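Source file: my_file_5.cif. Holds: mmCIF, C-alpha atoms.
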```cif
data_my_file
#
loop_
_atom_site.group_PDB
_atom_site.id
_atom_site.type_symbol
_atom_site.label_atom_id
_atom_site.label_comp_id
_atom_site.auth_asym_id
_atom_site.auth_seq_id
_atom_site.Cartn_x
_atom_site.Cartn_y
_atom_site.Cartn_z
ATOM 1 C CA MET A 1 95.061 80.392 88.170
ATOM 2 C CA THR A 2 93.384 77.731 90.282
ATOM 3 C CA GLY A 3 92.425 78.249 93.914
ATOM 4 C CA SER A 4 95.115 75.848 95.137
ATOM 5 C CA ARG A 5 97.891 77.781 93.370
ATOM 6 C CA LEU A 6 96.589 81.045 94.802
ATOM 7 C CA PHE A 7 96.802 79.450 98.246
ATOM 8 C CA ILE A 8 100.438 78.448 97.617
ATOM 9 C CA TYR A 9 101.286 82.045 96.773
ATOM 10 C CA GLY A 10 99.315 83.303 99.777
ATOM 11 C CA MET A 11 96.969 85.434 97.663
ATOM 12 C CA SER A 12 93.243 85.737 97.521
ATOM 13 C CA ARG A 13 91.679 85.918 94.065
ATOM 14 C CA GLY A 14 91.156 89.678 94.518
ATOM 15 C CA ASP A 15 94.795 90.178 95.562
ATOM 16 C CA PHE A 16 95.970 88.158 92.575
ATOM 17 C CA GLU A 17 93.807 90.124 90.151
ATOM 18 C CA MET A 18 95.141 93.408 91.540
ATOM 19 C CA TRP A 19 98.724 92.132 91.365
ATOM 20 C CA ASP A 20 98.209 90.913 87.798
ATOM 21 C CA ARG A 21 96.649 94.233 86.712
ATOM 22 C CA ASN A 22 99.523 96.176 88.279
ATOM 23 C CA ARG A 23 102.086 93.840 86.710
ATOM 24 C CA ARG A 24 100.607 94.471 83.263
ATOM 25 C CA ASN A 25 100.391 98.224 83.873
ATOM 26 C CA MET A 26 104.013 98.436 84.961
ATOM 27 C CA LEU A 27 105.119 98.182 81.370
ATOM 28 C CA GLY A 28 101.974 99.139 79.503
ATOM 29 C CA THR A 29 101.306 97.435 76.230
ATOM 30 C CA VAL A 30 104.101 96.481 73.868
ATOM 31 C CA ASP A 31 102.605 98.718 71.178
ATOM 32 C CA ASP A 32 102.619 101.779 73.454
ATOM 33 C CA MET A 33 106.120 101.401 74.899
ATOM 34 C CA PRO A 34 108.098 103.093 72.059
ATOM 35 C CA GLN A 35 105.808 106.133 72.285
ATOM 36 C CA TYR A 36 106.081 106.237 76.075
ATOM 37 C CA ARG A 37 109.871 106.154 75.823
ATOM 38 C CA LYS A 38 109.879 108.877 73.152
ATOM 39 C CA TYR A 39 107.762 111.231 75.263
ATOM 40 C CA MET A 40 109.569 110.319 78.494
ATOM 41 C CA THR A 41 112.843 111.289 76.801
ATOM 42 C CA GLN A 42 111.298 114.691 76.043
ATOM 43 C CA ALA A 43 110.033 114.994 79.628
ATOM 44 C CA LEU A 44 113.557 114.241 80.906
ATOM 45 C CA GLU A 45 114.989 116.960 78.645
ATOM 46 C CA LEU A 46 112.467 119.411 80.079
ATOM 47 C CA ALA A 47 113.223 118.331 83.660
ATOM 48 C CA HIS A 48 116.921 119.105 83.184
ATOM 49 C CA LYS A 49 116.015 122.762 82.529
ATOM 50 C CA GLY A 50 115.252 123.140 86.244
ATOM 51 C CA ALA A 51 118.765 122.079 87.310
ATOM 52 C CA GLY A 52 120.229 124.614 89.718
ATOM 53 C CA TRP A 53 116.876 126.347 90.222
ATOM 54 C CA VAL A 54 114.571 123.875 92.005
ATOM 55 C CA ASN A 55 116.811 122.606 94.810
ATOM 56 C CA PRO A 56 115.873 121.105 97.286
ATOM 57 C CA ASN A 57 112.901 120.000 95.169
ATOM 58 C CA PRO A 58 113.211 117.326 92.466
ATOM 59 C CA LEU A 59 113.693 117.875 88.755
ATOM 60 C CA VAL A 60 110.406 117.052 87.016
ATOM 61 C CA GLY A 61 109.261 117.208 83.414
ATOM 62 C CA THR A 62 105.787 116.543 82.004
ATOM 63 C CA VAL A 63 104.494 115.977 78.486
ATOM 64 C CA VAL A 64 100.750 115.658 77.795
ATOM 65 C CA VAL A 65 99.806 113.744 74.640
ATOM 66 C CA ARG A 66 96.744 112.451 72.835
ATOM 67 C CA ASP A 67 96.628 110.524 69.567
ATOM 68 C CA GLY A 68 100.346 111.052 68.937
ATOM 69 C CA GLU A 69 100.147 114.832 69.354
ATOM 70 C CA ILE A 70 101.777 116.806 72.174
ATOM 71 C CA LEU A 71 99.082 118.994 73.716
ATOM 72 C CA ALA A 72 101.202 120.666 76.396
ATOM 73 C CA ALA A 73 104.456 120.303 78.273
ATOM 74 C CA GLY A 74 106.070 121.776 81.343
ATOM 75 C CA TYR A 75 108.833 121.472 83.889
ATOM 76 C CA HIS A 76 109.453 122.553 87.460
ATOM 77 C CA ASP A 77 111.493 125.683 86.791
ATOM 78 C CA ARG A 78 112.212 127.135 90.237
ATOM 79 C CA TYR A 79 111.972 126.433 93.954
ATOM 80 C CA ARG A 80 108.401 127.057 95.168
ATOM 81 C CA GLY A 81 107.359 127.645 91.553
ATOM 82 C CA PRO A 82 104.569 125.796 89.756
ATOM 83 C CA HIS A 83 105.089 122.064 89.371
ATOM 84 C CA ALA A 84 105.677 120.600 85.917
ATOM 85 C CA GLU A 85 102.098 119.378 85.629
ATOM 86 C CA ARG A 86 100.726 122.800 86.587
ATOM 87 C CA MET A 87 102.926 124.467 83.951
ATOM 88 C CA ALA A 88 101.577 122.116 81.270
ATOM 89 C CA PHE A 89 97.940 122.430 82.314
ATOM 90 C CA ASP A 90 98.139 126.219 82.687
ATOM 91 C CA TYR A 91 99.468 126.418 79.121
ATOM 92 C CA ALA A 92 96.626 124.194 77.881
ATOM 93 C CA ASP A 93 94.009 126.229 79.766
ATOM 94 C CA GLU A 94 95.379 129.544 78.446
ATOM 95 C CA HIS A 95 95.290 128.225 74.867
ATOM 96 C CA GLY A 96 91.925 126.467 75.050
ATOM 97 C CA VAL A 97 93.377 122.966 74.670
ATOM 98 C CA ASP A 98 90.939 120.220 75.724
ATOM 99 C CA MET A 99 92.836 117.645 77.791
ATOM 100 C CA HIS A 100 90.063 115.034 78.183
ATOM 101 C CA GLY A 101 91.256 111.556 77.268
ATOM 102 C CA ALA A 102 94.919 112.580 77.162
ATOM 103 C CA THR A 103 97.960 110.835 78.639
ATOM 104 C CA VAL A 104 100.346 112.554 81.049
ATOM 105 C CA ILE A 105 103.976 111.428 80.785
ATOM 106 C CA ASP A 106 105.678 112.347 84.083
ATOM 107 C CA THR A 107 109.294 111.819 85.134
ATOM 108 C CA LEU A 108 108.195 111.684 88.795
ATOM 109 C CA GLU A 109 104.977 110.610 90.478
ATOM 110 C CA PRO A 110 102.507 113.519 90.701
ATOM 111 C CA CYS A 111 102.161 114.983 94.186
ATOM 112 C CA CYS A 112 98.964 114.447 96.159
ATOM 113 C CA HIS A 113 99.410 116.995 98.939
ATOM 114 C CA VAL A 114 99.130 120.736 99.262
ATOM 115 C CA GLY A 115 102.379 122.475 100.112
ATOM 116 C CA SER A 116 103.594 125.640 98.428
ATOM 117 C CA GLN A 117 101.678 124.329 95.380
ATOM 118 C CA PRO A 118 98.302 122.569 95.024
ATOM 119 C CA ALA A 119 98.128 118.791 94.545
ATOM 120 C CA CYS A 120 98.916 117.730 90.976
ATOM 121 C CA THR A 121 96.660 114.682 91.309
ATOM 122 C CA ASP A 122 93.663 117.017 91.695
ATOM 123 C CA LEU A 123 94.743 118.908 88.591
ATOM 124 C CA ILE A 124 95.054 115.675 86.579
ATOM 125 C CA LEU A 125 91.641 114.449 87.690
ATOM 126 C CA SER A 126 89.924 117.784 87.000
ATOM 127 C CA HIS A 127 91.210 117.797 83.407
ATOM 128 C CA GLY A 128 89.847 114.350 82.480
ATOM 129 C CA ILE A 129 93.205 112.642 81.970
ATOM 130 C CA THR A 130 92.763 108.904 81.339
ATOM 131 C CA ARG A 131 96.350 107.641 81.689
ATOM 132 C CA VAL A 132 99.483 108.667 83.574
ATOM 133 C CA VAL A 133 102.845 107.211 82.598
ATOM 134 C CA VAL A 134 105.439 107.684 85.316
ATOM 135 C CA GLY A 135 109.186 107.118 85.482
ATOM 136 C CA SER A 136 109.973 107.340 89.216
ATOM 137 C CA ILE A 137 107.930 106.877 92.356
ATOM 138 C CA ASP A 138 108.423 109.807 94.733
ATOM 139 C CA PRO A 139 110.187 108.527 97.891
ATOM 140 C CA ASN A 140 108.879 111.456 99.953
ATOM 141 C CA PRO A 141 106.696 109.841 102.668
ATOM 142 C CA ILE A 142 103.886 112.337 102.067
ATOM 143 C CA VAL A 143 103.630 111.065 98.469
ATOM 144 C CA ALA A 144 105.361 107.639 98.143
ATOM 145 C CA GLY A 145 102.851 105.917 95.863
ATOM 146 C CA LYS A 146 99.805 107.711 97.279
ATOM 147 C CA GLY A 147 99.520 110.010 94.270
ATOM 148 C CA LEU A 148 99.350 107.093 91.865
ATOM 149 C CA ARG A 149 96.951 105.214 94.116
ATOM 150 C CA ILE A 150 94.606 108.240 94.171
ATOM 151 C CA LEU A 151 94.673 108.370 90.381
ATOM 152 C CA GLU A 152 93.982 104.633 90.031
ATOM 153 C CA GLU A 153 91.136 104.780 92.556
ATOM 154 C CA ASN A 154 89.574 107.488 90.393
ATOM 155 C CA GLY A 155 89.769 105.437 87.192
ATOM 156 C CA VAL A 156 93.016 106.758 85.725
ATOM 157 C CA GLU A 157 95.218 104.042 84.212
ATOM 158 C CA VAL A 158 98.761 104.242 85.591
ATOM 159 C CA VAL A 159 101.796 102.836 83.792
ATOM 160 C CA TYR A 160 104.823 102.491 86.082
ATOM 161 C CA ASP A 161 108.610 102.530 85.706
ATOM 162 C CA VAL A 162 109.002 103.807 82.135
ATOM 163 C CA MET A 163 112.689 104.700 81.823
ATOM 164 C CA ARG A 164 112.944 104.451 85.592
ATOM 165 C CA ALA A 165 116.751 104.312 85.715
ATOM 166 C CA GLU A 166 117.021 107.572 83.782
ATOM 167 C CA CYS A 167 114.277 109.241 85.826
ATOM 168 C CA ASP A 168 115.811 108.091 89.119
ATOM 169 C CA ALA A 169 119.265 109.287 88.004
ATOM 170 C CA ILE A 170 118.254 112.915 87.500
ATOM 171 C CA ASN A 171 116.998 113.064 91.096
ATOM 172 C CA ARG A 172 119.609 111.017 92.928
ATOM 173 C CA HIS A 173 120.442 113.967 95.219
ATOM 174 C CA PHE A 174 116.770 114.566 96.011
ATOM 175 C CA PHE A 175 116.170 110.842 96.651
ATOM 176 C CA HIS A 176 119.242 110.690 98.928
ATOM 177 C CA TYR A 177 118.093 113.750 100.877
ATOM 178 C CA ILE A 178 114.514 112.452 101.271
ATOM 179 C CA THR A 179 115.536 108.935 102.321
ATOM 180 C CA THR A 180 118.401 109.904 104.662
ATOM 181 C CA GLY A 181 117.674 113.493 105.664
ATOM 182 C CA MET A 182 121.210 114.422 104.637
ATOM 183 C CA GLY A 183 122.518 116.355 101.655
ATOM 184 C CA VAL A 184 125.030 114.897 99.243
ATOM 185 C CA ARG A 185 128.558 116.240 99.193
ATOM 186 C CA THR A 186 129.801 117.146 95.772
ATOM 187 C CA LYS A 187 133.379 117.642 94.631
ATOM 188 C CA CYS A 188 134.489 121.267 94.312
#
```
Go through the file and emit its structure as C-alpha cells.
Amino acid sequence: MTGSRLFIYGMSRGDFEMWDRNRRNMLGTVDDMPQYRKYMTQALELAHKGAGWVNPNPLVGTVVVRDGEILAAGYHDRYRGPHAERMAFDYADEHGVDMHGATVIDTLEPCCHVGSQPACTDLILSHGITRVVVGSIDPNPIVAGKGLRILEENGVEVVYDVMRAECDAINRHFFHYITTGMGVRTKC
C-alpha cells in the first residue's frame, strides 16, 4: 500500500502492518481452518462438561494438538478448580508428553492473571506452545485481550474468532454478568 493511501486511512506503515498481520491471523490459513474447527468442536464438547459446576466462572475447553494428533485435552470442571489449560498440561506433564511446537485450541482466551489459579498464559509459554487458536475473547477487564497480547509479544501465533458464535453462546450468562455486573434470570 502506498504512503498516500496509508495517510487516507490514518495509519502509519507500522500500524498497517500490525493490522494486516492481525487480519490474516483472525482466520488463520485456509488449509488450517477445517482442522481448527474440528478441534474447536471437541473443545466445546469438553467445555459443556463443566455446566452446573463452574458458575460463576465460564465454561472452557482446551485441546492441544501437533501434527494432527491430540496430545492432551482438558476442561474447567469446577468452581475454583484448575482451568482447562492447566488440566491439559498437567495430563501431558504426568504422561511425559512433550508440548513444544504444539497448538492450543481454546474456547476462551487464556487468562493472564493470578486468582484462585495461576495464569494460563505463563503455562502456555513455559511449555513451548507455538500457536493458540481461540474462539472467544474474555470480556473480563482483567483479561480482555491482554492474555492474547502477552502470547503474541512472546512469539506465539494467535488465531482469533474460530467458531466464535458457538464459543460465545456457551458463555452468554458469564459474558452478561461480566459486562453488566448482573446475573441472568432463567425461567423456572
Q) Distance atom CA of A:Ile129-atom CA of A:Val104, one decimal place? A)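 Between these atoms lies a distance of 7.2 Å.
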Q. Where does the PyMOL selection byres ((chain A and resi 38-49) around 10) land in this file, that is, which residues does it pick, as a PyMOL selection string?
A. chain A and resi 33-37+50-54+58-65+68+70+73-78+84+104-108+133-135+162-164+166-167+170-171
Using the selection just defined, write its residues with C-alpha atoms as a compact mmCIF listing (two decimals), keeping the file's coordinate frame.
```
# COMPACT_ATOMS: atom_id res chain seq x y z
CA MET A 33 106.12 101.40 74.90
CA PRO A 34 108.10 103.09 72.06
CA GLN A 35 105.81 106.13 72.28
CA TYR A 36 106.08 106.24 76.08
CA ARG A 37 109.87 106.15 75.82
CA GLY A 50 115.25 123.14 86.24
CA ALA A 51 118.76 122.08 87.31
CA GLY A 52 120.23 124.61 89.72
CA TRP A 53 116.88 126.35 90.22
CA VAL A 54 114.57 123.88 92.00
CA PRO A 58 113.21 117.33 92.47
CA LEU A 59 113.69 117.88 88.76
CA VAL A 60 110.41 117.05 87.02
CA GLY A 61 109.26 117.21 83.41
CA THR A 62 105.79 116.54 82.00
CA VAL A 63 104.49 115.98 78.49
CA VAL A 64 100.75 115.66 77.80
CA VAL A 65 99.81 113.74 74.64
CA GLY A 68 100.35 111.05 68.94
CA ILE A 70 101.78 116.81 72.17
CA ALA A 73 104.46 120.30 78.27
CA GLY A 74 106.07 121.78 81.34
CA TYR A 75 108.83 121.47 83.89
CA HIS A 76 109.45 122.55 87.46
CA ASP A 77 111.49 125.68 86.79
CA ARG A 78 112.21 127.14 90.24
CA ALA A 84 105.68 120.60 85.92
CA VAL A 104 100.35 112.55 81.05
CA ILE A 105 103.98 111.43 80.78
CA ASP A 106 105.68 112.35 84.08
CA THR A 107 109.29 111.82 85.13
CA LEU A 108 108.20 111.68 88.80
CA VAL A 133 102.84 107.21 82.60
CA VAL A 134 105.44 107.68 85.32
CA GLY A 135 109.19 107.12 85.48
CA VAL A 162 109.00 103.81 82.14
CA MET A 163 112.69 104.70 81.82
CA ARG A 164 112.94 104.45 85.59
CA GLU A 166 117.02 107.57 83.78
CA CYS A 167 114.28 109.24 85.83
CA ILE A 170 118.25 112.92 87.50
CA ASN A 171 117.00 113.06 91.10
```
Q. Which of these residues is nearest to A:Asp67, using all atoms listed in the file: A:Ala102, A:Pro82, A:Ala92, A:Glu153?
A. A:Ala102
Q. What does the PyMOL selection byres ((chain A and resi 126) around 12) select in this file, as a ChimeraX atom specification?
A. /A:86,89,93,98-101,119-125,127-130,151,154,156
Q.
Which residue is closest to A:Val143? Choose from A:Glu109, A:Asn55, A:Ala169, A:Phe175 and count only C-alpha atoms.
A.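 Of the candidates, the smallest distance to A:Val143 is held by A:Glu109.
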Q) Could you work out how far atom CA of A:Asp90 lies from atom CA of A:Pro118, giving the answer in Å with one decimal? A)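 Atom CA of A:Asp90 lies at a distance of 12.9 Å from atom CA of A:Pro118.
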Q.
Please report the interatomic distance between atom CA of A:Gly147 and atom CA of A:Val132 in Å with one decimal.
A. 10.8 Å
Neighbours of A:Gly181 within 12 Å (all atoms listed in the file; same-chain residues fewer than 4 positions away dropped), as a PDB file with C-alpha atoms, in the frame of the given file?
```
ATOM      1  CA  PRO A  56     115.873 121.105  97.286  1.00  0.00           C
ATOM      2  CA  PRO A 139     110.187 108.527  97.891  1.00  0.00           C
ATOM      3  CA  ASN A 140     108.879 111.456  99.953  1.00  0.00           C
ATOM      4  CA  PRO A 141     106.696 109.841 102.668  1.00  0.00           C
ATOM      5  CA  HIS A 173     120.442 113.967  95.219  1.00  0.00           C
ATOM      6  CA  PHE A 174     116.770 114.566  96.011  1.00  0.00           C
ATOM      7  CA  PHE A 175     116.170 110.842  96.651  1.00  0.00           C
ATOM      8  CA  HIS A 176     119.242 110.690  98.928  1.00  0.00           C
ATOM      9  CA  TYR A 177     118.093 113.750 100.877  1.00  0.00           C
TER      10      TYR A 177
END
```
Q: Measuring atom to atom with only C-alpha atoms, identify which of A:Gly155, A:Gly115, A:Pro110, A:Gly145 is nearest to A:Arg80.
A: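 For A:Arg80, the nearest of the given residues is A:Gly115.
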Would you give the centre and edge lengths, in Å to one decimal, of a box along x, y and z around the listed atoms of stretch 88-107 of chain A, with 4 Å added to each side, as AutoDock Vina command-line options?
```
--center_x 99.7 --center_y 120.2 --center_z 79.9 --size_x 27.2 --size_y 26.7 --size_z 18.5
```
